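Have a look at the structure below, then the notes.
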Amino acid sequence: MMHKDVEKILYTEEELRSRVKELGAQITTDYAGREPLLVSVLRGSYIFMADLTRAIGLNVTVDFMVVSSYGAGTVSSGQVEIKKDLSDSIEGRDLIIVEDILDSGNTLYYLMEVLRARKPASIRICTLMDKPERRSQPITADYCGFTIPDAFIVGYGLDYDGKYRNLPYVGILKPSVYKKP
Ligand code: PRP
């Protein structure tokens with residue numbers, strides 16, 4: 001069972017639900033009269049994206065990108081590759097980039113550059129979680145669900161080795177799972 005690999009629950013389903021509702025309400029207020037385009041950076045953000053869009057009381061459109069750091073491992077290499085690009089033009093649109101976690105900032109630093117060149121009207125970043133102490137690029141989130149410590153977290157979209165994304169809460173993974181003897 002996947003639950004046995006979790007050392008501690010960091011945010012329960014209920015806490016996630018209520019914080020995501022608040023973020024949605026804030027976006028609804030800030031974008032009143034506009035139709036933002038929410039861009040989900042897959043794969044980690046898929047669950048947050050689904051809940052966030054339903055917490056926004058405006059007409060929104062959605063699009064998806066698959067981005068991945070070159071190389072394997074738990075530390076971002078700094079180089080980013082677009083594996084799947086957006087389906088539609090973003091020119092003149094009010095973009096909200098939706099991320100599950102902001103860590104070194106490498107992914108968004110690169111992505112912001114690519115997207116800015118396509119001339120959207122505005123770009124903001126909405127991340128569920130932020131690890132500011134890990135930052136190596138000058139990226140800040142406009143909307144942030146939780147500022148978290150530098151722990152190995154999984155669930156609510158976040159994986160380890162492709163697994164645990166379907167945990168309904170965010171939890172800290174037991175070190176024994178990723179530290180092989
Ligand atoms: C995670 C997360 C961000 C990125 C953040 O994706 O979804 O895209 O890392 O890290 P950074 O700030 O150091 O760039 P990951 O590469 O784990 O892929 P996934 O979304 O498919 O799980």
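By convention here, the chains of the structure tokens are called A, B, ... in the order presented, each chain's residues are numbered starting at 1, and ligands are numbered starting at 1 in the order presented.
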
| task | Run DSSP on the backbone of this structure and report the residues of region 94-154 of chain A it assigns to strand (DSSP E), as a PyMOL selection string. | result | chain A and resi 94-102+122-130+143-147+153-154

Would you save the residues from that selection as a PDB file, in the first residue's frame, using N, CA and C atoms?
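Final output, part05.pdb:
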```pdb
ATOM      1  N   ASP A  94      -4.269  36.659 -20.926  1.00  0.00           N
ATOM      2  CA  ASP A  94      -3.811  36.763 -19.538  1.00  0.00           C
ATOM      3  C   ASP A  94      -3.530  35.347 -19.028  1.00  0.00           C
ATOM      4  N   LEU A  95      -2.239  35.051 -18.938  1.00  0.00           N
ATOM      5  CA  LEU A  95      -1.814  33.694 -18.598  1.00  0.00           C
ATOM      6  C   LEU A  95      -1.638  33.496 -17.099  1.00  0.00           C
ATOM      7  N   ILE A  96      -2.084  32.367 -16.622  1.00  0.00           N
ATOM      8  CA  ILE A  96      -1.728  31.955 -15.260  1.00  0.00           C
ATOM      9  C   ILE A  96      -1.068  30.584 -15.385  1.00  0.00           C
ATOM     10  N   ILE A  97       0.201  30.531 -15.046  1.00  0.00           N
ATOM     11  CA  ILE A  97       0.915  29.254 -15.087  1.00  0.00           C
ATOM     12  C   ILE A  97       0.633  28.511 -13.792  1.00  0.00           C
ATOM     13  N   VAL A  98       0.183  27.286 -13.913  1.00  0.00           N
ATOM     14  CA  VAL A  98      -0.197  26.509 -12.732  1.00  0.00           C
ATOM     15  C   VAL A  98       0.828  25.402 -12.495  1.00  0.00           C
ATOM     16  N   GLU A  99       1.458  25.476 -11.349  1.00  0.00           N
ATOM     17  CA  GLU A  99       2.497  24.500 -10.979  1.00  0.00           C
ATOM     18  C   GLU A  99       2.146  23.835  -9.655  1.00  0.00           C
ATOM     19  N   ASP A 100       2.632  22.641  -9.481  1.00  0.00           N
ATOM     20  CA  ASP A 100       2.448  21.983  -8.174  1.00  0.00           C
ATOM     21  C   ASP A 100       3.501  22.463  -7.190  1.00  0.00           C
ATOM     22  N   ILE A 101       4.739  22.607  -7.699  1.00  0.00           N
ATOM     23  CA  ILE A 101       5.803  23.010  -6.776  1.00  0.00           C
ATOM     24  C   ILE A 101       6.852  23.856  -7.473  1.00  0.00           C
ATOM     25  N   LEU A 102       7.282  24.859  -6.754  1.00  0.00           N
ATOM     26  CA  LEU A 102       8.358  25.743  -7.219  1.00  0.00           C
ATOM     27  C   LEU A 102       9.560  25.454  -6.330  1.00  0.00           C
ATOM     28  N   SER A 122      -0.321  39.280 -20.184  1.00  0.00           N
ATOM     29  CA  SER A 122       0.274  39.203 -18.843  1.00  0.00           C
ATOM     30  C   SER A 122       0.565  37.754 -18.506  1.00  0.00           C
ATOM     31  N   ILE A 123       1.489  37.577 -17.564  1.00  0.00           N
ATOM     32  CA  ILE A 123       1.765  36.217 -17.064  1.00  0.00           C
ATOM     33  C   ILE A 123       1.874  36.277 -15.547  1.00  0.00           C
ATOM     34  N   ARG A 124       1.176  35.394 -14.878  1.00  0.00           N
ATOM     35  CA  ARG A 124       1.372  35.218 -13.436  1.00  0.00           C
ATOM     36  C   ARG A 124       1.590  33.742 -13.153  1.00  0.00           C
ATOM     37  N   ILE A 125       2.186  33.507 -12.003  1.00  0.00           N
ATOM     38  CA  ILE A 125       2.489  32.128 -11.591  1.00  0.00           C
ATOM     39  C   ILE A 125       1.644  31.769 -10.373  1.00  0.00           C
ATOM     40  N   CYS A 126       0.985  30.632 -10.457  1.00  0.00           N
ATOM     41  CA  CYS A 126       0.244  30.116  -9.304  1.00  0.00           C
ATOM     42  C   CYS A 126       0.807  28.741  -8.968  1.00  0.00           C
ATOM     43  N   THR A 127       1.429  28.642  -7.804  1.00  0.00           N
ATOM     44  CA  THR A 127       1.974  27.347  -7.400  1.00  0.00           C
ATOM     45  C   THR A 127       1.303  26.884  -6.112  1.00  0.00           C
ATOM     46  N   LEU A 128       1.059  25.598  -6.045  1.00  0.00           N
ATOM     47  CA  LEU A 128       0.458  25.090  -4.807  1.00  0.00           C
ATOM     48  C   LEU A 128       1.458  25.177  -3.664  1.00  0.00           C
ATOM     49  N   MET A 129       2.716  24.796  -3.972  1.00  0.00           N
ATOM     50  CA  MET A 129       3.723  24.798  -2.910  1.00  0.00           C
ATOM     51  C   MET A 129       5.007  25.473  -3.386  1.00  0.00           C
ATOM     52  N   ASP A 130       5.690  26.073  -2.433  1.00  0.00           N
ATOM     53  CA  ASP A 130       6.917  26.802  -2.738  1.00  0.00           C
ATOM     54  C   ASP A 130       7.982  26.408  -1.718  1.00  0.00           C
ATOM     55  N   TYR A 143       0.798  33.674  -6.801  1.00  0.00           N
ATOM     56  CA  TYR A 143      -0.145  32.983  -5.927  1.00  0.00           C
ATOM     57  C   TYR A 143       0.542  31.729  -5.415  1.00  0.00           C
ATOM     58  N   CYS A 144       0.509  31.556  -4.111  1.00  0.00           N
ATOM     59  CA  CYS A 144       1.165  30.386  -3.522  1.00  0.00           C
ATOM     60  C   CYS A 144       0.270  29.778  -2.447  1.00  0.00           C
ATOM     61  N   GLY A 145       0.058  28.476  -2.554  1.00  0.00           N
ATOM     62  CA  GLY A 145      -0.787  27.801  -1.563  1.00  0.00           C
ATOM     63  C   GLY A 145      -0.084  27.668  -0.230  1.00  0.00           C
ATOM     64  N   PHE A 146       1.098  27.084  -0.256  1.00  0.00           N
ATOM     65  CA  PHE A 146       1.836  26.812   0.978  1.00  0.00           C
ATOM     66  C   PHE A 146       3.332  26.998   0.756  1.00  0.00           C
ATOM     67  N   THR A 147       3.984  27.650   1.705  1.00  0.00           N
ATOM     68  CA  THR A 147       5.441  27.705   1.720  1.00  0.00           C
ATOM     69  C   THR A 147       5.898  26.535   2.585  1.00  0.00           C
ATOM     70  N   ILE A 153       8.501  15.477  -0.619  1.00  0.00           N
ATOM     71  CA  ILE A 153       7.052  15.330  -0.516  1.00  0.00           C
ATOM     72  C   ILE A 153       6.439  14.668  -1.745  1.00  0.00           C
ATOM     73  N   VAL A 154       5.342  13.997  -1.483  1.00  0.00           N
ATOM     74  CA  VAL A 154       4.609  13.293  -2.545  1.00  0.00           C
ATOM     75  C   VAL A 154       3.103  13.473  -2.314  1.00  0.00           C
TER      76      VAL A 154
END
```

| request: Please identify the residues whose atoms come within 9 Å of ligand 1, using only C-alpha atoms and all ligand atoms, and report them as a ChimeraX atom specification. | output: /A:41-46,66-70,72,74-80,99-110,130-131,134-137,139,157-162,165

| field | DSSP helix (DSSP H, G or I) selection over region 109-177 of chain A, as a list in words | value | Tyr109, Tyr110, Leu111, Met112, Glu113, Val114, Leu115, Arg116, Pro132, Glu133, Arg134, Pro175, Ser176 and Val177 of chain A

Since we have the selection now, will you write its residues out, keeping C-alpha atoms, as a PDB file, in the first residue's frame?
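Saved the output as again-v8.pdb:
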```
ATOM      1  CA  TYR A 109      12.685  30.601 -15.378  1.00  0.00           C
ATOM      2  CA  TYR A 110      13.028  28.879 -18.706  1.00  0.00           C
ATOM      3  CA  LEU A 111       9.305  28.631 -19.322  1.00  0.00           C
ATOM      4  CA  MET A 112       8.653  32.299 -18.578  1.00  0.00           C
ATOM      5  CA  GLU A 113      11.238  33.235 -21.190  1.00  0.00           C
ATOM      6  CA  VAL A 114       9.669  30.991 -23.812  1.00  0.00           C
ATOM      7  CA  LEU A 115       6.137  32.186 -23.066  1.00  0.00           C
ATOM      8  CA  ARG A 116       6.985  35.895 -22.833  1.00  0.00           C
ATOM      9  CA  PRO A 132      11.999  29.273  -1.357  1.00  0.00           C
ATOM     10  CA  GLU A 133      15.178  28.083   0.341  1.00  0.00           C
ATOM     11  CA  ARG A 134      15.972  25.928  -2.695  1.00  0.00           C
ATOM     12  CA  PRO A 175      13.680   8.141   3.564  1.00  0.00           C
ATOM     13  CA  SER A 176      13.894   4.340   3.446  1.00  0.00           C
ATOM     14  CA  VAL A 177      11.875   4.494   0.209  1.00  0.00           C
TER      15      VAL A 177
END
```

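By chain and then residue number, the residues within 7 Å of Tyr156 (chain A) are Ile47, Arg165, Asn166, Leu167, Pro168, Tyr169 and Val170 of chain A, counting only C-alpha atoms and disregarding those fewer than 6 positions away in sequence.
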
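If you look at CA of Pro138 (chain A) and CA of Gln26 (chain A), they are 23.8 Å away from each other.
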